[in-house]
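Presented below is the structure to which this report refers.
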Amino acid sequence: MNYSRIIGTGSYLPERKVTNAELATWVETNDEWIVERTGIRARHLAAPEQTTCDLATIAAQRALAMANCTAKEIDLIIVGTTTPDMIYPSTACLLQARLGNHGATAFDVQAVCSGFIYALSIADKFIKTGSAKRALVVGAEIYSRILDWKDRSTCVLFGDGAGACVLEASDTPGILSTHLHADGAYHHLLNVPGTVAQGRLQNGDGFTKMQGSEVFKFAVNVLSEVVEEALAYNQLDRTAIDWLIPHQANIRIITATAKRLKFPMEKVIVTVPEQGNTSAASVPLALDIAVRDGRIQRGQTLILEGVGGGFTWGAVVMRY
Ligand code: ACO
C-alpha cells in the first residue's frame, strides 16, 4: 500500500445566502465594487446556533456516504479550522464524538486558509507510513464570526462552509506528492490578534486584520511558485494537469496565478463567486462540487493548492 487515495468527498454550505446587495445594507459597499475587485457575488453565513462542528459533521457524513464506509472504520480524523467551536477540545474530537467514532487519532490543524492542504498532507503521510488506513480530512469554518461587520475592507470577502474527504490506503495512486511551506515573518499582513487569558480577550480584538494589496501579491507569488515546485518534483508538464483547484480567496488572485502559470482558466475550478472565501473549507468545497458535477473524473491528475495567514501555503498533486 504505497499510496493514499480519495474514496469519497462531501461538503456543506449553510442555508442562508447573503448577496452583495444585502451586504450593502449593512456596510457602505456596493455590488459593482465587490464583483470588480473580488469576483464575489454572494456568500453563505451560518445560523447563530450553528457551530463549525455542525458544518463539519454534515460534510463528513456526505463524504463517508460517497466512500461507502462508516465512521467506525476511520482511524484518523484531522480538521483544518481557524474557527474552532472551543479553545479545547479540538473540533476533530467533537466531530469524532458526533460521528460515533471511538479511538481514532483526532486533532485540528491551524494553518488558516491552507488548513485543508496541511491536513490532507499530514493524513497522506500517516497512511503512507502505515500509521492509519482510513482518514477523514475536513476543512470547516464559520469565518463570519471573526469578521468585523463594520469593516468593509474585510467583511465582504469571506463566507462559511465545510468540505471533507475520506482517504484510504491503496496500491494505486493516489496522492503523488505534497508540498507545505510557511513564513511567519509575514504574520503581520493577515491576522486575528486577540487571545483569551484571565477569562477575557487580550492583545487586541478578535477580528480579521488584513493588508489587502500585500496579501494579494504574496498569494499570487507563492501559489504559482508552489505549483511550479510540485510539477518539477513529479516531472510533470503543466499540460498533464487536468484540474487546478486553488484556494478560493478572490477571482483576481486565481486568474493572476493561472496567467503566471500559463494555465488555461477552463481547467481551473472556481467557486468563489457564490461562496466567497471560506478559508480552510474552500479547497475541499471546490473539490466536492467538481467531483459531484462530473468535471473531475477517476484517473485525472489534480493539483490542489492553498495559501493563508501565517503565512502558510502548499500544494497536493494527486491522481483522482
Ligand atoms: N466597498 C467599497 N469600497 C471599498 C471597499 C468595499 N467593500 N473596501 C475598500 N473600499 C475602498 C477603499 O476604502 C479605497 O477607497 P479610497 O481610494 O477612497 O481610499 C478603495 O476602495 C480602494 O481600496 P484598496 O484596498 O486599495 O482596494 P484594492 O484594489 O487593493 O482591493 C482587495 C482590495 C479586494 C481587498 C484586494 O486588496 C485583495 O483582493 N486583496 C487580497 C485579499 C484577500 O483575498 N484576502 C483573503 C484572505 S487571504 C487568503 O485567503 C490568502
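Each chain of the C-alpha cells is named A, B, ... in the order shown, its residues numbered from 1; ligands are numbered from 1 in display order.
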
- Surroundings of ligand 1 up to 9 Å, based on only C-alpha atoms and all ligand atoms, as a ChimeraX atom specification: /A:24,27-34,36-38,112-114,151-158,190,210-219,247-253,277-280,306-309,311-313

- Query: Would you give me, as an NGL selection string, the residues in region 225-286 of chain A that DSSP reads as alpha helix (DSSP H)?
  - Reply: :A and (225-233 or 251-260 or 272-275 or 282-286)

Store the residues picked out above, limited to N, CA and C atoms, as a CSV table (one decimal), in the first residue's frame.
chain,number,residue,atom,x,y,z
A,225,GLU,N,4.5,29.7,-7.4
A,225,GLU,CA,5.8,29.0,-7.1
A,225,GLU,C,5.5,27.6,-6.7
A,226,VAL,N,4.5,27.4,-5.8
A,226,VAL,CA,4.3,26.0,-5.3
A,226,VAL,C,3.8,25.1,-6.3
A,227,VAL,N,3.1,25.6,-7.3
A,227,VAL,CA,2.7,24.7,-8.4
A,227,VAL,C,3.9,24.3,-9.3
A,228,GLU,N,4.8,25.3,-9.5
A,228,GLU,CA,6.0,25.0,-10.3
A,228,GLU,C,6.8,24.0,-9.6
A,229,GLU,N,6.9,24.1,-8.3
A,229,GLU,CA,7.7,23.2,-7.4
A,229,GLU,C,7.1,21.8,-7.5
A,230,ALA,N,5.7,21.7,-7.4
A,230,ALA,CA,5.1,20.4,-7.5
A,230,ALA,C,5.2,19.7,-8.8
A,231,LEU,N,5.1,20.5,-9.9
A,231,LEU,CA,5.3,20.0,-11.3
A,231,LEU,C,6.7,19.4,-11.5
A,232,ALA,N,7.7,20.2,-11.0
A,232,ALA,CA,9.1,19.8,-11.2
A,232,ALA,C,9.4,18.5,-10.4
A,233,TYR,N,8.8,18.5,-9.2
A,233,TYR,CA,9.1,17.3,-8.3
A,233,TYR,C,8.6,16.0,-9.0
A,251,ILE,N,-11.2,36.1,-7.2
A,251,ILE,CA,-11.1,35.7,-8.6
A,251,ILE,C,-9.8,36.3,-9.2
A,252,ARG,N,-9.5,37.5,-8.7
A,252,ARG,CA,-8.3,38.1,-9.3
A,252,ARG,C,-7.0,37.4,-8.9
A,253,ILE,N,-7.0,36.9,-7.7
A,253,ILE,CA,-5.8,36.1,-7.3
A,253,ILE,C,-5.7,34.8,-8.1
A,254,ILE,N,-6.9,34.2,-8.3
A,254,ILE,CA,-7.0,32.9,-9.1
A,254,ILE,C,-6.6,33.1,-10.6
A,255,THR,N,-7.1,34.2,-11.2
A,255,THR,CA,-6.7,34.4,-12.6
A,255,THR,C,-5.3,34.9,-12.8
A,256,ALA,N,-4.8,35.7,-11.8
A,256,ALA,CA,-3.4,36.1,-11.9
A,256,ALA,C,-2.5,34.9,-11.8
A,257,THR,N,-2.8,34.0,-10.9
A,257,THR,CA,-2.0,32.8,-10.7
A,257,THR,C,-2.0,31.9,-11.9
A,258,ALA,N,-3.2,31.7,-12.5
A,258,ALA,CA,-3.3,30.9,-13.7
A,258,ALA,C,-2.5,31.5,-14.8
A,259,LYS,N,-2.6,32.8,-14.9
A,259,LYS,CA,-1.9,33.5,-16.0
A,259,LYS,C,-0.4,33.3,-15.9
A,260,ARG,N,0.1,33.5,-14.6
A,260,ARG,CA,1.5,33.4,-14.4
A,260,ARG,C,2.0,32.0,-14.7
A,272,VAL,N,-15.6,30.7,-6.0
A,272,VAL,CA,-15.6,31.9,-5.2
A,272,VAL,C,-16.8,32.9,-5.4
A,273,PRO,N,-17.3,33.0,-6.7
A,273,PRO,CA,-18.4,33.9,-6.9
A,273,PRO,C,-19.6,33.7,-6.0
A,274,GLU,N,-19.9,32.4,-5.8
A,274,GLU,CA,-21.2,32.2,-5.0
A,274,GLU,C,-20.9,31.8,-3.5
A,275,GLN,N,-19.6,31.7,-3.2
A,275,GLN,CA,-19.3,31.3,-1.8
A,275,GLN,C,-18.4,32.2,-1.0
A,282,SER,N,-12.4,26.1,1.6
A,282,SER,CA,-12.6,26.4,0.2
A,282,SER,C,-12.1,25.4,-0.8
A,283,VAL,N,-11.0,24.7,-0.5
A,283,VAL,CA,-10.5,23.7,-1.4
A,283,VAL,C,-11.3,22.5,-1.4
A,284,PRO,N,-11.6,21.9,-0.2
A,284,PRO,CA,-12.5,20.7,-0.3
A,284,PRO,C,-13.9,20.9,-0.8
A,285,LEU,N,-14.4,22.2,-0.6
A,285,LEU,CA,-15.7,22.5,-1.2
A,285,LEU,C,-15.6,22.5,-2.7
A,286,ALA,N,-14.6,23.1,-3.2
A,286,ALA,CA,-14.5,23.2,-4.7
A,286,ALA,C,-14.2,21.8,-5.2

- Message: Between A:Thr208, A:Thr51, A:Asn234, A:Thr19, which residue has the minimum interatomic distance to Leu189 (chain A), considering only C-alpha atoms?
- Response: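 Using only C-alpha atoms, the shortest distance to Leu189 (chain A) belongs to A:Thr208.
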
Sorted by chain and rising residue number, list the residues of region 41-123 of chain A at most 10 Å from region 176-179 of chain A (counting only C-alpha atoms), each with its closest atom pair and distance in Å to one decimal, as a tab-separated table.
residue	atom	partner	partner_atom	distance
A:Ile117	CA	A:Thr178	CA	8.4
A:Tyr118	CA	A:Thr178	CA	8.8
A:Leu120	CA	A:Thr178	CA	8.6
A:Ser121	CA	A:Thr178	CA	5.7
A:Ile122	CA	A:Thr178	CA	9.0

- Message: I want to know what sits within 12 Å of Thr91 (chain A), based on only C-alpha atoms, with residues of the same chain fewer than 6 positions away left out; could you give that as a list of chain:residue names?
- Response: A:Thr51, A:Thr52, A:Cys53, A:Asp54, A:Leu55, A:Ala56, A:Thr57, A:Ile77, A:Ile78, A:Val79, A:Gly80, A:Thr81, A:Thr82, A:Thr83, A:Pro84, A:Asp85, A:Ala97, A:Arg98, A:Ala106, A:Phe107, A:Asp108, A:Val109, A:Gln110, A:Val137, A:Val138, A:Gly139, A:Ala140, A:Glu141

- CA of Ala46 (chain A) to CA of Tyr12 (chain A): how many Å, to one decimal?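 We find that CA of Ala46 (chain A) and CA of Tyr12 (chain A) lie 10.6 Å from each other.
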
- Top pick for closest residue to Ala65 (chain A), considering A:Gly10, A:Gly163, A:Pro48, A:Gly174 and counting only C-alpha atoms: A:Gly10

- Task: Show which residues sit within 6 Å of Leu76 (chain A), as a PyMOL selection string. Count only C-alpha atoms, and ignore same-chain residues fewer than 2 positions away.
- Result: chain A and resi 74+104-106+135

- Item | strand (DSSP E or B) call set, DSSP backbone run, region 12-245 of chain A, as a PyMOL selection string | chain A and resi 12+16-19+42-45+76-80+105-109+134-141+158+161-170+175-182+190-191+195-197+200-202+209-210+243-245

Those residues you just picked out, can you put them in a file as a tab-separated table (two decimals), in the first residue's frame with C-alpha atoms?
chain	number	residue	atom	x	y	z
A	12	TYR	CA	-21.93	21.68	3.17
A	16	ARG	CA	-28.50	31.50	4.44
A	17	LYS	CA	-27.06	33.12	1.30
A	18	VAL	CA	-26.18	36.81	1.55
A	19	THR	CA	-25.86	38.69	-1.74
A	42	ALA	CA	-22.69	36.04	-2.57
A	43	ARG	CA	-21.57	34.10	0.49
A	44	HIS	CA	-23.30	31.67	2.85
A	45	LEU	CA	-23.46	32.51	6.55
A	76	LEU	CA	-7.58	9.22	11.71
A	77	ILE	CA	-9.60	12.46	11.82
A	78	ILE	CA	-7.99	15.80	11.01
A	79	VAL	CA	-9.90	19.08	10.87
A	80	GLY	CA	-8.36	22.20	9.37
A	105	THR	CA	-6.37	9.66	16.25
A	106	ALA	CA	-8.06	13.07	16.13
A	107	PHE	CA	-6.65	16.59	16.05
A	108	ASP	CA	-7.05	20.03	14.47
A	109	VAL	CA	-4.61	21.80	12.19
A	134	ARG	CA	-8.61	5.33	6.51
A	135	ALA	CA	-8.60	9.04	7.25
A	136	LEU	CA	-11.34	11.64	7.40
A	137	VAL	CA	-9.91	15.02	6.41
A	138	VAL	CA	-12.06	18.13	6.85
A	139	GLY	CA	-11.80	21.87	6.27
A	140	ALA	CA	-14.53	23.73	8.14
A	141	GLU	CA	-15.04	27.35	9.10
A	158	PHE	CA	-15.45	35.76	3.40
A	161	GLY	CA	-18.82	26.31	4.90
A	162	ALA	CA	-17.23	22.87	5.19
A	163	GLY	CA	-15.68	20.29	2.90
A	164	ALA	CA	-14.40	16.80	3.63
A	165	CYS	CA	-12.81	13.76	2.08
A	166	VAL	CA	-12.14	10.15	3.04
A	167	LEU	CA	-8.64	8.95	2.24
A	168	GLU	CA	-7.74	5.26	2.08
A	169	ALA	CA	-4.52	3.25	1.77
A	170	SER	CA	-4.21	1.99	-1.81
A	175	ILE	CA	-1.64	11.34	-3.80
A	176	LEU	CA	1.64	11.70	-5.69
A	177	SER	CA	3.27	14.42	-3.60
A	178	THR	CA	2.59	17.16	-1.08
A	179	HIS	CA	4.46	20.44	-0.63
A	180	LEU	CA	4.00	22.54	2.50
A	181	HIS	CA	5.58	25.89	3.38
A	182	ALA	CA	5.27	28.70	5.88
A	190	LEU	CA	-3.13	38.92	7.91
A	191	ASN	CA	-4.15	38.01	11.45
A	195	THR	CA	-6.10	35.86	22.56
A	196	VAL	CA	-8.02	34.64	25.61
A	197	ALA	CA	-6.40	34.99	29.05
A	200	ARG	CA	-11.11	37.76	28.64
A	201	LEU	CA	-9.89	38.68	25.16
A	202	GLN	CA	-6.41	40.25	25.41
A	209	LYS	CA	-6.92	42.41	10.15
A	210	MET	CA	-5.55	42.43	6.63
A	243	TRP	CA	-7.64	20.38	-12.96
A	244	LEU	CA	-6.15	23.07	-10.76
A	245	ILE	CA	-8.14	23.55	-7.55

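For the set A:Ala281, A:Ile296, A:Tyr143, A:Gln96, the residue with the smallest atom-to-atom gap to Ile269 (chain A) is A:Ile296, counting only C-alpha atoms.
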
- Task: Please identify all polymer residues within 6 Å of Asp242 (chain A), counting only C-alpha atoms, omitting same-chain residues fewer than 2 positions from it, and present them as a PyMOL selection string.
- Result: chain A and resi 300-302

Could you save the residues just selected, with N, CA and C atoms, as a PDB file, in the first residue's frame?
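Below is the file selection34.pdb, written as the result:
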ATOM      1  N   GLN A 300      -7.901  11.202 -13.451  1.00  0.00           N
ATOM      2  CA  GLN A 300      -7.376  12.523 -13.821  1.00  0.00           C
ATOM      3  C   GLN A 300      -6.329  12.990 -12.811  1.00  0.00           C
ATOM      4  N   THR A 301      -5.479  13.913 -13.265  1.00  0.00           N
ATOM      5  CA  THR A 301      -4.434  14.447 -12.389  1.00  0.00           C
ATOM      6  C   THR A 301      -4.833  15.838 -11.917  1.00  0.00           C
ATOM      7  N   LEU A 302      -4.777  16.024 -10.592  1.00  0.00           N
ATOM      8  CA  LEU A 302      -5.225  17.277  -9.987  1.00  0.00           C
ATOM      9  C   LEU A 302      -4.090  17.916  -9.195  1.00  0.00           C
TER      10      LEU A 302
END
